[in-house]
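Text of coords_19.txt (compact mmCIF, C-alpha atoms and all ligand atoms) as supplied:
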# COMPACT_ATOMS: atom_id res chain seq x y z
CA MET S 27 -0.85 9.81 20.10
CA LEU S 28 1.97 8.27 18.13
CA LEU S 29 2.01 4.54 17.53
CA ILE S 30 5.51 3.30 18.20
CA HIS S 31 7.09 -0.11 17.74
CA GLY S 32 5.89 -2.25 20.65
CA GLY S 33 7.77 -5.44 19.86
CA GLU S 34 6.50 -8.68 18.41
CA ALA S 35 3.04 -9.96 19.25
CA VAL S 36 1.38 -13.34 18.84
CA ALA S 37 -0.75 -13.72 15.71
CA ASP S 38 -4.14 -13.39 17.46
CA ALA S 39 -3.16 -10.88 20.17
CA PRO S 40 -6.10 -8.58 21.10
CA VAL S 41 -3.83 -5.53 20.95
CA LEU S 42 -3.09 -2.72 18.50
CA ARG S 43 -0.97 -4.43 15.87
CA THR S 44 -0.08 -4.85 12.22
CA GLY S 45 0.03 -8.38 10.87
CA GLY S 46 -1.15 -11.61 12.41
CA VAL S 47 -4.68 -12.89 11.93
CA PRO S 48 -7.84 -10.77 12.15
CA LEU S 49 -10.18 -11.10 15.12
CA VAL S 50 -13.67 -11.34 13.67
CA PRO S 51 -17.30 -11.99 14.64
CA ASP S 52 -19.23 -15.18 13.84
CA GLY S 53 -20.15 -15.46 10.19
CA PHE S 54 -17.20 -13.39 8.94
CA VAL S 55 -16.25 -13.98 5.32
CA TRP S 56 -12.66 -13.11 4.36
CA PRO S 57 -12.85 -10.21 1.86
CA ASN S 58 -11.90 -10.78 -1.76
CA CYS S 59 -10.51 -8.08 -4.03
CA ARG S 60 -13.10 -6.71 -6.46
CA ASN S 61 -10.31 -6.09 -9.01
CA CYS S 62 -8.55 -9.48 -9.15
CA GLY S 63 -10.91 -11.69 -7.17
CA GLY S 64 -8.20 -12.96 -4.81
CA PRO S 65 -8.31 -12.86 -1.01
CA MET S 66 -7.00 -9.61 0.51
CA GLN S 67 -4.04 -9.31 2.86
CA PHE S 68 -4.81 -8.59 6.51
CA LEU S 69 -2.99 -5.40 7.48
CA ALA S 70 -3.99 -4.23 10.96
CA HIS S 71 -6.10 -4.89 14.05
CA LEU S 72 -6.98 -1.71 15.97
CA PRO S 73 -9.11 -2.29 19.09
CA LEU S 74 -10.57 1.18 19.77
CA ASP S 75 -13.50 2.68 21.69
CA LEU S 76 -15.69 2.57 18.58
CA GLY S 77 -14.98 -1.14 18.05
CA ALA S 78 -12.17 -3.23 16.63
CA VAL S 79 -11.10 -1.84 13.26
CA ALA S 80 -9.76 -4.50 10.88
CA VAL S 81 -7.98 -3.40 7.70
CA PHE S 82 -7.38 -5.50 4.58
CA PHE S 83 -5.88 -4.64 1.19
CA CYS S 84 -5.07 -6.63 -1.94
CA GLN S 85 -1.44 -7.71 -2.42
CA ASN S 86 -1.96 -10.63 -4.80
CA ASP S 87 -0.46 -8.76 -7.72
CA PRO S 88 1.02 -5.52 -6.30
CA GLY S 89 0.53 -2.56 -8.57
CA MET S 90 -2.26 -4.23 -10.57
CA CYS S 91 -5.19 -3.63 -8.22
CA ASP S 92 -6.30 -0.21 -6.96
CA ASP S 93 -5.52 -1.11 -3.35
CA TRP S 94 -4.66 2.54 -2.47
CA ASP S 95 -8.17 3.74 -3.28
CA ALA S 96 -10.85 3.92 -0.57
CA THR S 97 -13.69 2.88 -2.88
CA ALA S 98 -12.19 0.81 -5.74
CA GLY S 99 -12.88 -2.51 -4.01
CA ALA S 100 -9.24 -3.59 -3.57
CA ASN S 101 -9.20 -2.86 0.16
CA ARG S 102 -11.65 -3.18 3.03
CA ALA S 103 -11.88 -1.83 6.57
CA PHE S 104 -14.40 -3.12 9.08
CA VAL S 105 -15.62 -2.10 12.52
CA PHE S 106 -16.29 -5.21 14.61
CA ARG S 107 -18.09 -5.25 17.96
CA GLY S 108 -18.98 -7.95 20.43
CA ARG S 109 -17.22 -11.27 20.84
CA LEU S 110 -14.40 -11.75 18.33
CA ALA S 111 -12.26 -14.78 17.51
CA ALA S 112 -9.34 -15.47 15.19
CA ALA S 113 -10.45 -15.80 11.57
CA THR S 114 -9.81 -18.84 9.40
CA VAL S 115 -7.14 -17.74 6.91
CA PRO S 116 -7.69 -18.68 3.24
CA ASP S 117 -5.32 -21.33 1.89
CA GLU S 118 -4.32 -19.33 -1.17
CA GLY S 119 -3.31 -15.76 -1.95
CA GLU S 120 -1.18 -13.12 -0.23
CA THR S 121 -3.17 -12.97 2.99
CA LEU S 122 -0.72 -12.27 5.84
CA LEU S 123 2.11 -9.83 6.56
CA GLY S 124 5.59 -11.20 7.28
CA ALA S 125 5.55 -10.23 10.95
CA VAL S 126 3.18 -9.43 13.80
CA THR S 127 4.10 -6.05 15.25
CA ALA S 128 2.51 -4.51 18.33
CA LEU S 129 1.77 -0.77 18.07
CA ARG S 130 2.17 1.07 21.35
CA PRO S 131 0.37 4.43 21.86
CA TYR S 132 2.87 7.04 22.90
CA PRO S 133 2.55 10.79 23.56
CA ALA S 134 3.38 12.73 20.41
CA ASP S 135 5.33 15.38 22.32
CA ALA S 136 7.65 13.03 24.24
CA PRO S 137 11.01 11.88 22.85
CA THR S 138 11.36 8.21 21.96
CA GLU S 139 14.04 6.01 20.48
CA GLU S 140 11.50 3.51 19.16
CA PRO S 141 10.52 3.64 15.47
CA VAL S 142 7.27 5.55 14.89
CA LEU S 143 4.89 3.24 13.01
CA GLY S 144 1.83 5.42 12.90
CA ARG S 145 -0.48 7.80 14.68
CA LEU S 146 -3.86 7.52 16.41
CA GLY S 147 -6.47 10.28 16.33
CA GLY S 148 -5.99 13.96 15.57
CA GLU S 149 -5.78 14.99 11.93
CA ALA S 150 -4.48 13.01 8.97
CA ASP S 151 -0.94 13.94 7.92
CA TRP S 152 -1.40 13.70 4.16
CA ILE S 153 1.51 12.95 1.82
CA GLN S 154 -0.61 14.02 -1.14
CA GLY S 155 -3.81 16.06 -0.93
CA ASP S 156 -6.73 15.50 1.44
CA GLU S 157 -8.59 12.37 0.37
CA THR S 158 -10.94 12.01 3.36
CA PRO S 159 -13.57 9.54 2.15
CA ASP S 160 -17.34 9.84 2.53
CA CYS S 161 -19.18 7.19 4.54
CA PRO S 162 -20.52 4.49 2.18
CA SER S 163 -23.74 4.32 4.24
CA CYS S 164 -24.68 7.92 5.13
CA THR S 165 -22.29 9.84 2.78
CA ALA S 166 -21.05 12.09 5.63
CA ARG S 167 -17.37 12.98 5.65
CA MET S 168 -15.64 10.25 7.67
CA THR S 169 -13.62 10.80 10.85
CA PHE S 170 -9.86 10.24 10.84
CA THR S 171 -9.00 7.19 12.96
CA ALA S 172 -5.34 6.35 12.50
CA GLU S 173 -2.49 6.29 10.05
CA LEU S 174 0.19 3.66 9.52
CA GLU S 175 3.69 4.10 8.21
CA GLU S 176 4.89 1.56 5.69
CA GLY S 177 7.72 0.40 7.94
CA SER S 178 11.39 0.21 7.12
CA ASP S 179 11.86 -3.57 6.94
CA PHE S 180 10.93 -4.73 3.45
CA ALA S 181 10.50 -8.35 4.59
CA THR S 182 7.78 -7.53 7.10
CA SER S 183 6.36 -4.12 6.21
CA ALA S 184 3.11 -3.32 4.46
CA ASN S 185 3.35 -2.32 0.80
CA PHE S 186 2.33 1.33 0.46
CA GLY S 187 4.28 1.86 -2.74
CA GLY S 188 7.66 2.41 -1.03
CA GLY S 189 7.66 4.90 1.85
CA GLY S 190 3.93 5.54 1.73
CA ARG S 191 1.40 5.89 4.49
CA GLY S 192 -1.94 4.19 5.12
CA TYR S 193 -4.97 6.14 6.38
CA ILE S 194 -7.93 4.71 8.29
CA PHE S 195 -11.28 6.51 8.75
CA HIS S 196 -14.56 5.65 10.44
CA CYS S 197 -18.19 6.71 10.71
CA ALA S 198 -19.28 5.87 14.27
CA PRO S 199 -23.09 6.03 13.77
CA CYS S 200 -22.88 3.65 10.79
CA SER S 201 -20.09 1.40 12.17
CA GLU S 202 -18.31 1.87 8.87
CA ALA S 203 -14.56 2.16 8.31
CA ALA S 204 -12.48 2.98 5.25
CA PHE S 205 -8.84 2.69 4.23
CA LEU S 206 -6.61 4.27 1.63
CA TRP S 207 -2.92 4.86 1.20
CA GLN S 208 -0.73 7.51 -0.39
CA GLY S 209 2.86 7.21 -1.58
ZN ZN S 301 -6.58 -7.61 -6.22
ZN ZN S 302 -22.09 6.96 8.09

How would this structure read if it were set down as structure tokens?
Ligand SMILES: [Zn+2]
Ligand SMILES: [Zn+2]
Amino acid sequence: MLLIHGGEAVADAPVLRTGGVPLVPDGFVWPNCRNCGGPMQFLAHLPLDLGAVAVFFCQNDPGMCDDWDATAGANRAFVFRGRLAAATVPDEGETLLGAVTALRPYPADAPTEEPVLGRLGGEADWIQGDETPDCPSCTARMTFTAELEEGSDFATSANFGGGGRGYIFHCAPCSEAAFLWQG
């Protein structure tokens, strides 16, 4: 399925979206970047069959932290299950995107006028080479979950280096998720 522009959403909407605030379980601690120490930016909320995938990456000093890398510690992806509620957003740092954008699943083979903002399931469409990460818990090759386009509006889009694409993976048995981007 494609993910097409589904209009604006409220910040804590329980829908597929980029931006807004993450929906998290009790006891959640906002992730800090292992490179610069600052709080990461919340990128996407993806409520899926395996759980709600929440993606964060560091934007405190763009270009300085290895936020494109799945294992460098400058991004985080989680799989959350059970009862979720809006997280408390840290007071400092680049923590939120400029807009909350709903992502609407749409058949890949049907014509649409709406901007395509990503894709759900299938195979990763790599810009560079295949960088499928291994699960941090069981070391198995992770399963492709979704990819996100950077978006055309500089004021509200994610920063994937200018025209890049973000990739999300999961390991269902371990409830692990991973993120990386390529430009
Ligand atoms: Zn950082
Ligand atoms: Zn695993």

Near ligand ZN 301 (chain S), 9 Å: chain S residue rows, closest pairs, all atoms listed in the file, as a tab-separated table:
residue	atom	partner	partner_atom	distance
S:Asn58	CA	S:ZN301	ZN	7.6
S:Cys59	CA	S:ZN301	ZN	4.5
S:Arg60	CA	S:ZN301	ZN	6.6
S:Asn61	CA	S:ZN301	ZN	4.9
S:Cys62	CA	S:ZN301	ZN	4.0
S:Gly63	CA	S:ZN301	ZN	6.0
S:Gly64	CA	S:ZN301	ZN	5.8
S:Pro65	CA	S:ZN301	ZN	7.6
S:Met66	CA	S:ZN301	ZN	7.0
S:Phe83	CA	S:ZN301	ZN	8.0
S:Cys84	CA	S:ZN301	ZN	4.6
S:Gln85	CA	S:ZN301	ZN	6.4
S:Asn86	CA	S:ZN301	ZN	5.7
S:Asp87	CA	S:ZN301	ZN	6.4
S:Pro88	CA	S:ZN301	ZN	7.9
S:Met90	CA	S:ZN301	ZN	7.0
S:Cys91	CA	S:ZN301	ZN	4.7
S:Asp92	CA	S:ZN301	ZN	7.4
S:Asp93	CA	S:ZN301	ZN	7.2
S:Gly99	CA	S:ZN301	ZN	8.4
S:Ala100	CA	S:ZN301	ZN	5.5
S:Asn101	CA	S:ZN301	ZN	8.4

- Item | Interatomic distance, atom CA of S:Cys200 to atom CA of S:Leu110 (Å, one decimal) |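 We find that atom CA of S:Cys200 and atom CA of S:Leu110 lie 19.1 Å from each other.
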
- Of the residues S:Val36, S:Leu69, S:Val41, S:Ala80, which is the one nearest to S:Glu120, using all atoms listed in the file?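 Looking only at the distances to S:Glu120, the closest residue turns out to be S:Leu69.
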
- Message: Quick one: residues within 8 Å of stretch 149-154 of chain S, only C-alpha atoms, excluding same-chain residues fewer than 2 positions away - as a ChimeraX atom specification?
- Response: /S:147,156,170,172-173,190-191,193,208-209

Produce a table with one row for each residue of chain S that has an atom at most 9 Å from any atom of ligand ZN 302 (chain S), each row naming the nearest atom pair and its distance in Å at one decimal; use all atoms listed in the file; arrange rows by chain and rising residue number; format as a tab-separated table.
residue	atom	partner	partner_atom	distance
S:Asp160	CA	S:ZN302	ZN	7.9
S:Cys161	CA	S:ZN302	ZN	4.6
S:Pro162	CA	S:ZN302	ZN	6.6
S:Ser163	CA	S:ZN302	ZN	5.0
S:Cys164	CA	S:ZN302	ZN	4.0
S:Thr165	CA	S:ZN302	ZN	6.0
S:Ala166	CA	S:ZN302	ZN	5.8
S:Arg167	CA	S:ZN302	ZN	8.0
S:Met168	CA	S:ZN302	ZN	7.3
S:His196	CA	S:ZN302	ZN	8.0
S:Cys197	CA	S:ZN302	ZN	4.7
S:Ala198	CA	S:ZN302	ZN	6.9
S:Pro199	CA	S:ZN302	ZN	5.8
S:Cys200	CA	S:ZN302	ZN	4.3
S:Ser201	CA	S:ZN302	ZN	7.2
S:Glu202	CA	S:ZN302	ZN	6.4
S:Ala203	CA	S:ZN302	ZN	8.9

- Item | Selection: 6 Å around S:His31, only C-alpha atoms, excl. self and same-chain fewer than 3 positions, as a VMD selection string | chain S and resid 129 140 to 141

- Query: Which residue out of S:Pro159, S:Gly45, S:Gly32, S:Pro51 has the minimum interatomic distance to S:Arg109 when all atoms listed in the file are used?
  - Reply: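 Comparing S:Pro159, S:Gly45, S:Gly32, S:Pro51 against S:Arg109, the winner is S:Pro51.
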
- With all atoms listed in the file counted, which protein, DNA or RNA residues have an atom no more than 12 Å from (-1.1, -10.9, 18.7) in the file frame? Please answer as JSON, numbers by chain. {"S": [32, 33, 34, 35, 36, 37, 38, 39, 40, 41, 42, 43, 44, 45, 46, 47, 48, 49, 70, 71, 72, 73, 111, 112, 125, 126, 127, 128, 129]}

Export of prior selection with C-alpha atoms as an mmCIF file, keeping the file's coordinate frame:
data_model
loop_
_atom_site.group_PDB
_atom_site.id
_atom_site.type_symbol
_atom_site.label_atom_id
_atom_site.label_comp_id
_atom_site.auth_asym_id
_atom_site.auth_seq_id
_atom_site.Cartn_x
_atom_site.Cartn_y
_atom_site.Cartn_z
ATOM 1 C CA GLY S 32 5.890 -2.250 20.650
ATOM 2 C CA GLY S 33 7.770 -5.440 19.860
ATOM 3 C CA GLU S 34 6.500 -8.680 18.410
ATOM 4 C CA ALA S 35 3.040 -9.960 19.250
ATOM 5 C CA VAL S 36 1.380 -13.340 18.840
ATOM 6 C CA ALA S 37 -0.750 -13.720 15.710
ATOM 7 C CA ASP S 38 -4.140 -13.390 17.460
ATOM 8 C CA ALA S 39 -3.160 -10.880 20.170
ATOM 9 C CA PRO S 40 -6.100 -8.580 21.100
ATOM 10 C CA VAL S 41 -3.830 -5.530 20.950
ATOM 11 C CA LEU S 42 -3.090 -2.720 18.500
ATOM 12 C CA ARG S 43 -0.970 -4.430 15.870
ATOM 13 C CA THR S 44 -0.080 -4.850 12.220
ATOM 14 C CA GLY S 45 0.030 -8.380 10.870
ATOM 15 C CA GLY S 46 -1.150 -11.610 12.410
ATOM 16 C CA VAL S 47 -4.680 -12.890 11.930
ATOM 17 C CA PRO S 48 -7.840 -10.770 12.150
ATOM 18 C CA LEU S 49 -10.180 -11.100 15.120
ATOM 19 C CA ALA S 70 -3.990 -4.230 10.960
ATOM 20 C CA HIS S 71 -6.100 -4.890 14.050
ATOM 21 C CA LEU S 72 -6.980 -1.710 15.970
ATOM 22 C CA PRO S 73 -9.110 -2.290 19.090
ATOM 23 C CA ALA S 111 -12.260 -14.780 17.510
ATOM 24 C CA ALA S 112 -9.340 -15.470 15.190
ATOM 25 C CA ALA S 125 5.550 -10.230 10.950
ATOM 26 C CA VAL S 126 3.180 -9.430 13.800
ATOM 27 C CA THR S 127 4.100 -6.050 15.250
ATOM 28 C CA ALA S 128 2.510 -4.510 18.330
ATOM 29 C CA LEU S 129 1.770 -0.770 18.070
#

- Correct to one decimal, the distance atom CA of S:Gly188-atom CA of S:Gly89 is 11.5 Å

- Message: So the first atom is atom CA of S:Phe106 and the second is atom CA of S:Val79; what is the distance between them in Å, to one decimal place?
- Response: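 Between atom CA of S:Phe106 and atom CA of S:Val79 the gap is 6.3 Å.
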
- Of the candidates S:Phe82, S:Phe104, S:Phe195, S:Trp94, which shows the shortest atom-to-atom distance to S:Val50, using all atoms listed in the file?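 Closest candidate: S:Phe104.
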
Please, could N, CA and C atoms be added to stretch 78-107 of chain S and the result written as a PDB file, in the coordinates of the input?
ATOM      1  N   ALA S  78     -13.456  -2.771  17.145  1.00  0.00           N
ATOM      2  CA  ALA S  78     -12.170  -3.230  16.630  1.00  0.00           C
ATOM      3  C   ALA S  78     -12.146  -2.976  15.127  1.00  0.00           C
ATOM      4  N   VAL S  79     -11.215  -2.138  14.687  1.00  0.00           N
ATOM      5  CA  VAL S  79     -11.100  -1.840  13.260  1.00  0.00           C
ATOM      6  C   VAL S  79     -10.126  -2.855  12.653  1.00  0.00           C
ATOM      7  N   ALA S  80     -10.575  -3.525  11.605  1.00  0.00           N
ATOM      8  CA  ALA S  80      -9.760  -4.500  10.880  1.00  0.00           C
ATOM      9  C   ALA S  80      -9.554  -4.000   9.467  1.00  0.00           C
ATOM     10  N   VAL S  81      -8.300  -3.958   9.016  1.00  0.00           N
ATOM     11  CA  VAL S  81      -7.980  -3.400   7.700  1.00  0.00           C
ATOM     12  C   VAL S  81      -7.362  -4.482   6.810  1.00  0.00           C
ATOM     13  N   PHE S  82      -7.858  -4.558   5.590  1.00  0.00           N
ATOM     14  CA  PHE S  82      -7.380  -5.500   4.580  1.00  0.00           C
ATOM     15  C   PHE S  82      -7.059  -4.729   3.302  1.00  0.00           C
ATOM     16  N   PHE S  83      -6.064  -5.181   2.533  1.00  0.00           N
ATOM     17  CA  PHE S  83      -5.880  -4.640   1.190  1.00  0.00           C
ATOM     18  C   PHE S  83      -5.249  -5.696   0.293  1.00  0.00           C
ATOM     19  N   CYS S  84      -5.488  -5.586  -1.006  1.00  0.00           N
ATOM     20  CA  CYS S  84      -5.070  -6.630  -1.940  1.00  0.00           C
ATOM     21  C   CYS S  84      -3.578  -6.521  -2.236  1.00  0.00           C
ATOM     22  N   GLN S  85      -2.864  -7.649  -2.084  1.00  0.00           N
ATOM     23  CA  GLN S  85      -1.440  -7.710  -2.420  1.00  0.00           C
ATOM     24  C   GLN S  85      -1.153  -8.918  -3.311  1.00  0.00           C
ATOM     25  N   ASN S  86      -2.175  -9.443  -3.978  1.00  0.00           N
ATOM     26  CA  ASN S  86      -1.960 -10.630  -4.800  1.00  0.00           C
ATOM     27  C   ASN S  86      -1.102 -10.331  -6.014  1.00  0.00           C
ATOM     28  N   ASP S  87      -1.239  -9.146  -6.550  1.00  0.00           N
ATOM     29  CA  ASP S  87      -0.460  -8.760  -7.720  1.00  0.00           C
ATOM     30  C   ASP S  87      -0.151  -7.277  -7.576  1.00  0.00           C
ATOM     31  N   PRO S  88       0.820  -6.933  -6.671  1.00  0.00           N
ATOM     32  CA  PRO S  88       1.020  -5.520  -6.300  1.00  0.00           C
ATOM     33  C   PRO S  88       1.178  -4.614  -7.513  1.00  0.00           C
ATOM     34  N   GLY S  89       0.480  -3.511  -7.474  1.00  0.00           N
ATOM     35  CA  GLY S  89       0.530  -2.560  -8.570  1.00  0.00           C
ATOM     36  C   GLY S  89      -0.576  -2.756  -9.585  1.00  0.00           C
ATOM     37  N   MET S  90      -1.226  -3.946  -9.569  1.00  0.00           N
ATOM     38  CA  MET S  90      -2.260  -4.230 -10.570  1.00  0.00           C
ATOM     39  C   MET S  90      -3.664  -3.871 -10.077  1.00  0.00           C
ATOM     40  N   CYS S  91      -3.872  -3.952  -8.759  1.00  0.00           N
ATOM     41  CA  CYS S  91      -5.190  -3.630  -8.220  1.00  0.00           C
ATOM     42  C   CYS S  91      -5.124  -2.258  -7.553  1.00  0.00           C
ATOM     43  N   ASP S  92      -6.270  -1.576  -7.496  1.00  0.00           N
ATOM     44  CA  ASP S  92      -6.300  -0.210  -6.960  1.00  0.00           C
ATOM     45  C   ASP S  92      -6.421  -0.232  -5.432  1.00  0.00           C
ATOM     46  N   ASP S  93      -5.423  -0.875  -4.794  1.00  0.00           N
ATOM     47  CA  ASP S  93      -5.520  -1.110  -3.350  1.00  0.00           C
ATOM     48  C   ASP S  93      -5.282   0.153  -2.529  1.00  0.00           C
ATOM     49  N   TRP S  94      -4.854   1.261  -3.183  1.00  0.00           N
ATOM     50  CA  TRP S  94      -4.660   2.540  -2.470  1.00  0.00           C
ATOM     51  C   TRP S  94      -5.960   3.323  -2.345  1.00  0.00           C
ATOM     52  N   ASP S  95      -6.960   2.933  -3.139  1.00  0.00           N
ATOM     53  CA  ASP S  95      -8.170   3.740  -3.280  1.00  0.00           C
ATOM     54  C   ASP S  95      -9.232   3.287  -2.272  1.00  0.00           C
ATOM     55  N   ALA S  96      -9.882   4.249  -1.621  1.00  0.00           N
ATOM     56  CA  ALA S  96     -10.850   3.920  -0.570  1.00  0.00           C
ATOM     57  C   ALA S  96     -12.094   3.220  -1.097  1.00  0.00           C
ATOM     58  N   THR S  97     -12.402   3.382  -2.383  1.00  0.00           N
ATOM     59  CA  THR S  97     -13.690   2.880  -2.880  1.00  0.00           C
ATOM     60  C   THR S  97     -13.568   1.933  -4.079  1.00  0.00           C
ATOM     61  N   ALA S  98     -12.348   1.604  -4.513  1.00  0.00           N
ATOM     62  CA  ALA S  98     -12.190   0.810  -5.740  1.00  0.00           C
ATOM     63  C   ALA S  98     -12.442  -0.679  -5.513  1.00  0.00           C
ATOM     64  N   GLY S  99     -12.570  -1.108  -4.265  1.00  0.00           N
ATOM     65  CA  GLY S  99     -12.880  -2.510  -4.010  1.00  0.00           C
ATOM     66  C   GLY S  99     -11.660  -3.393  -3.816  1.00  0.00           C
ATOM     67  N   ALA S 100     -10.459  -2.810  -3.789  1.00  0.00           N
ATOM     68  CA  ALA S 100      -9.240  -3.590  -3.570  1.00  0.00           C
ATOM     69  C   ALA S 100      -8.715  -3.446  -2.147  1.00  0.00           C
ATOM     70  N   ASN S 101      -9.493  -2.809  -1.276  1.00  0.00           N
ATOM     71  CA  ASN S 101      -9.200  -2.860   0.160  1.00  0.00           C
ATOM     72  C   ASN S 101     -10.524  -2.829   0.918  1.00  0.00           C
ATOM     73  N   ARG S 102     -10.459  -3.204   2.182  1.00  0.00           N
ATOM     74  CA  ARG S 102     -11.650  -3.180   3.030  1.00  0.00           C
ATOM     75  C   ARG S 102     -11.235  -2.835   4.455  1.00  0.00           C
ATOM     76  N   ALA S 103     -12.056  -2.057   5.134  1.00  0.00           N
ATOM     77  CA  ALA S 103     -11.880  -1.830   6.570  1.00  0.00           C
ATOM     78  C   ALA S 103     -13.220  -2.072   7.230  1.00  0.00           C
ATOM     79  N   PHE S 104     -13.175  -2.761   8.352  1.00  0.00           N
ATOM     80  CA  PHE S 104     -14.400  -3.120   9.080  1.00  0.00           C
ATOM     81  C   PHE S 104     -14.339  -2.552  10.493  1.00  0.00           C
ATOM     82  N   VAL S 105     -15.515  -2.331  11.082  1.00  0.00           N
ATOM     83  CA  VAL S 105     -15.620  -2.100  12.520  1.00  0.00           C
ATOM     84  C   VAL S 105     -16.358  -3.297  13.107  1.00  0.00           C
ATOM     85  N   PHE S 106     -15.674  -4.033  13.977  1.00  0.00           N
ATOM     86  CA  PHE S 106     -16.290  -5.210  14.610  1.00  0.00           C
ATOM     87  C   PHE S 106     -16.582  -4.908  16.066  1.00  0.00           C
ATOM     88  N   ARG S 107     -17.745  -5.388  16.547  1.00  0.00           N
ATOM     89  CA  ARG S 107     -18.090  -5.250  17.960  1.00  0.00           C
ATOM     90  C   ARG S 107     -18.502  -6.604  18.502  1.00  0.00           C
TER      91      ARG S 107
END
